[in-house]
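Here's the structure, in structure tokens; my notes come after.
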Amino acid sequence: LLSPDAARAAELRAECARGFEGIVLRLWPQLEVVVVRTAHGAERLYRDSLCQTDCQGLPFYCPFYQAAGALLGINLWPLEPAPQFLLCPDWAFCEFLPCLATREPRTVLLDELWEGREYGLVVTAQPGEYRCRTGEVLKVTGFHKQCPVVEPVRRESQTLSVRGESIPEEQFCQSLGRTLRMWPGARLIDYVCVESSLLGDSSGPCAPHYEVFMELQGLRDLSEGQRYRVSRTRALLW
């Protein structure tokens, strides 16, 4: 049975009082790596936040790629900043739908993939999962011997579409990140983007539009020029 450890409790209180940057490594100094799952869009924001604060100084490693309940690939390159996975042909039967096809696409197999192109993933694995469209979009980054190496780039269901434009969440996150560079010292903690078709004082001729709510840290008093940029950014995001 576990029993209270007063010395350890005092140590935890002391470390928390010092702040939470790098606290994981201070509490567990023998920890070598943080194992994570694949992250898309806003999920990467949370991973990066952990990397910059609580888990500062620790590498992040995503060892496996899994979709639709099936184990599909393994990460042989732990030092790469973006996880890349070698697809293992005997773990599940995978088919791929080319993205941006000019006509009705047909599925292709592992030996028909092209480097640099994006494909939707179709999996046949466990009983009852026959040609299941996972909603995952993979980019072929290269080949290891004859097996393709892929990078998950987005999920098809994670899109914004107030006028039928279908903006992927990953693209929106990148645009938001570029916007934040106009605000010195600002760090994005979290955000919510909602589609709105309501007319209001702030919508003007742009309705329907998007409304973005952000939680920022480190933002100081803005100059007149920076306030203008904020207002322009809000108009562009809408």
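Naming works like this for the structure tokens: A, B, ... for the chains as they're shown, residue 1 at the start of each chain, ligands 1 onward in shown order.
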Given only C-alpha atoms, how would the per-residue table for range 85-116 of chain A near range 150-164 of chain A read, listing every residue at most 12 Å away with its closest atom pair and distance in Å to one decimal, sorted by chain and number, as JSON lines?
{"residue": "A:Phe85", "atom": "CA", "partner": "A:Val150", "partner_atom": "CA", "distance": 5.3}
{"residue": "A:Leu86", "atom": "CA", "partner": "A:Val150", "partner_atom": "CA", "distance": 6.6}
{"residue": "A:Leu87", "atom": "CA", "partner": "A:Val150", "partner_atom": "CA", "distance": 7.3}
{"residue": "A:Cys88", "atom": "CA", "partner": "A:Val150", "partner_atom": "CA", "distance": 11.1}
{"residue": "A:Phe96", "atom": "CA", "partner": "A:Val150", "partner_atom": "CA", "distance": 11.8}
{"residue": "A:Cys99", "atom": "CA", "partner": "A:Glu156", "partner_atom": "CA", "distance": 10.6}
{"residue": "A:Leu110", "atom": "CA", "partner": "A:Val150", "partner_atom": "CA", "distance": 11.0}
{"residue": "A:Leu113", "atom": "CA", "partner": "A:Val150", "partner_atom": "CA", "distance": 10.3}
{"residue": "A:Trp114", "atom": "CA", "partner": "A:Val150", "partner_atom": "CA", "distance": 10.7}
{"residue": "A:Glu115", "atom": "CA", "partner": "A:Val150", "partner_atom": "CA", "distance": 9.1}
{"residue": "A:Gly116", "atom": "CA", "partner": "A:Val150", "partner_atom": "CA", "distance": 9.5}
| query | Within 12 Å of range 17-30 of chain A, counting only C-alpha atoms, which residues qualify if same-chain residues fewer than 2 places away don't, as an NGL selection string? | reply | :A and (8-15 or 32-34 or 49-59)
Residue subset to file, keeping N, CA and C atoms, as a short mmCIF file (atom, residue, chain, number, x, y, z; two decimals), in the first residue's frame:
data_model
loop_
_atom_site.label_atom_id
_atom_site.label_comp_id
_atom_site.auth_asym_id
_atom_site.auth_seq_id
_atom_site.Cartn_x
_atom_site.Cartn_y
_atom_site.Cartn_z
N ARG A 8 8.64 14.12 -0.01
CA ARG A 8 8.34 14.30 -1.44
C ARG A 8 7.30 15.39 -1.64
N ALA A 9 6.30 15.45 -0.77
CA ALA A 9 5.27 16.48 -0.87
C ALA A 9 5.89 17.87 -0.71
N ALA A 10 6.82 18.01 0.22
CA ALA A 10 7.49 19.30 0.42
C ALA A 10 8.32 19.66 -0.81
N GLU A 11 8.96 18.65 -1.41
CA GLU A 11 9.74 18.89 -2.62
C GLU A 11 8.85 19.36 -3.77
N LEU A 12 7.68 18.74 -3.92
CA LEU A 12 6.75 19.14 -4.98
C LEU A 12 6.27 20.57 -4.77
N ARG A 13 5.94 20.92 -3.52
CA ARG A 13 5.48 22.29 -3.24
C ARG A 13 6.58 23.30 -3.56
N ALA A 14 7.81 22.97 -3.23
CA ALA A 14 8.92 23.89 -3.49
C ALA A 14 9.14 24.08 -4.98
N GLU A 15 9.05 23.00 -5.75
CA GLU A 15 9.26 23.11 -7.20
C GLU A 15 8.12 23.88 -7.86
N GLU A 32 13.76 10.88 -19.97
CA GLU A 32 14.55 11.11 -21.19
C GLU A 32 13.72 11.56 -22.38
N VAL A 33 12.45 11.18 -22.45
CA VAL A 33 11.65 11.49 -23.63
C VAL A 33 10.18 11.51 -23.24
N VAL A 34 9.40 12.30 -23.98
CA VAL A 34 7.95 12.34 -23.81
C VAL A 34 7.34 11.67 -25.04
N SER A 49 3.04 23.99 -26.68
CA SER A 49 2.96 24.70 -25.41
C SER A 49 3.63 23.89 -24.30
N LEU A 50 3.40 22.58 -24.28
CA LEU A 50 4.07 21.73 -23.29
C LEU A 50 5.58 21.74 -23.49
N CYS A 51 5.99 21.71 -24.75
CA CYS A 51 7.42 21.69 -25.07
C CYS A 51 8.12 22.96 -24.60
N GLN A 52 7.42 24.09 -24.65
CA GLN A 52 8.01 25.38 -24.29
C GLN A 52 7.90 25.68 -22.80
N THR A 53 7.02 24.97 -22.09
CA THR A 53 6.80 25.30 -20.67
C THR A 53 7.10 24.10 -19.78
N ASP A 54 6.08 23.31 -19.47
CA ASP A 54 6.23 22.23 -18.50
C ASP A 54 7.32 21.23 -18.87
N CYS A 55 7.38 20.84 -20.15
CA CYS A 55 8.33 19.81 -20.59
C CYS A 55 9.56 20.41 -21.26
N GLN A 56 9.90 21.61 -20.90
CA GLN A 56 11.05 22.29 -21.50
C GLN A 56 12.32 21.46 -21.32
N GLY A 57 13.07 21.29 -22.42
CA GLY A 57 14.31 20.53 -22.37
C GLY A 57 14.16 19.06 -22.68
N LEU A 58 12.93 18.59 -22.92
CA LEU A 58 12.70 17.18 -23.21
C LEU A 58 12.30 17.00 -24.68
N PRO A 59 12.82 15.98 -25.35
CA PRO A 59 12.37 15.70 -26.72
C PRO A 59 11.01 15.01 -26.71
#
| Hey, can you check how far CA of Leu188 in chain A sits from CA of Met214 in chain A? | 7.2 Å
| Could you work out how far CA of Gln171 in chain A lies from CA of Arg131 in chain A, giving the answer in Å with one decimal? | 27.8 Å
| So which residues of range 30-233 of chain A fall under strand (DSSP E) by DSSP, listed as a VMD selection string? | chain A and resid 34 to 35 60 to 61 64 to 67 70 to 74 85 to 87 93 to 98 118 to 124 132 to 144 147 to 155 159 to 160 167 to 168 187 to 196 209 to 217
| request: One decimal, Å: what's the distance from CA of Val192 in chain A over to CA of Phe213 in chain A, could you say? | output: 5.2 Å
| task | Between A:Leu45, A:Leu31, A:Leu180, A:Leu71, single out the one closest to Val123 in chain A, counting only C-alpha atoms. | result | A:Leu71
| said: From the options A:Asn75, A:Thr107, A:Ser166, A:Thr124, which residue's atoms come nearest to Arg37 in chain A, counting only C-alpha atoms? | reply: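 With only C-alpha atoms as the atom set, the closest residue is A:Asn75.
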| task | Extract the full set of helix (DSSP H, G or I) residues from range 15-231 of chain A according to DSSP on the backbone, and format it as a count of residues only. | result | 45
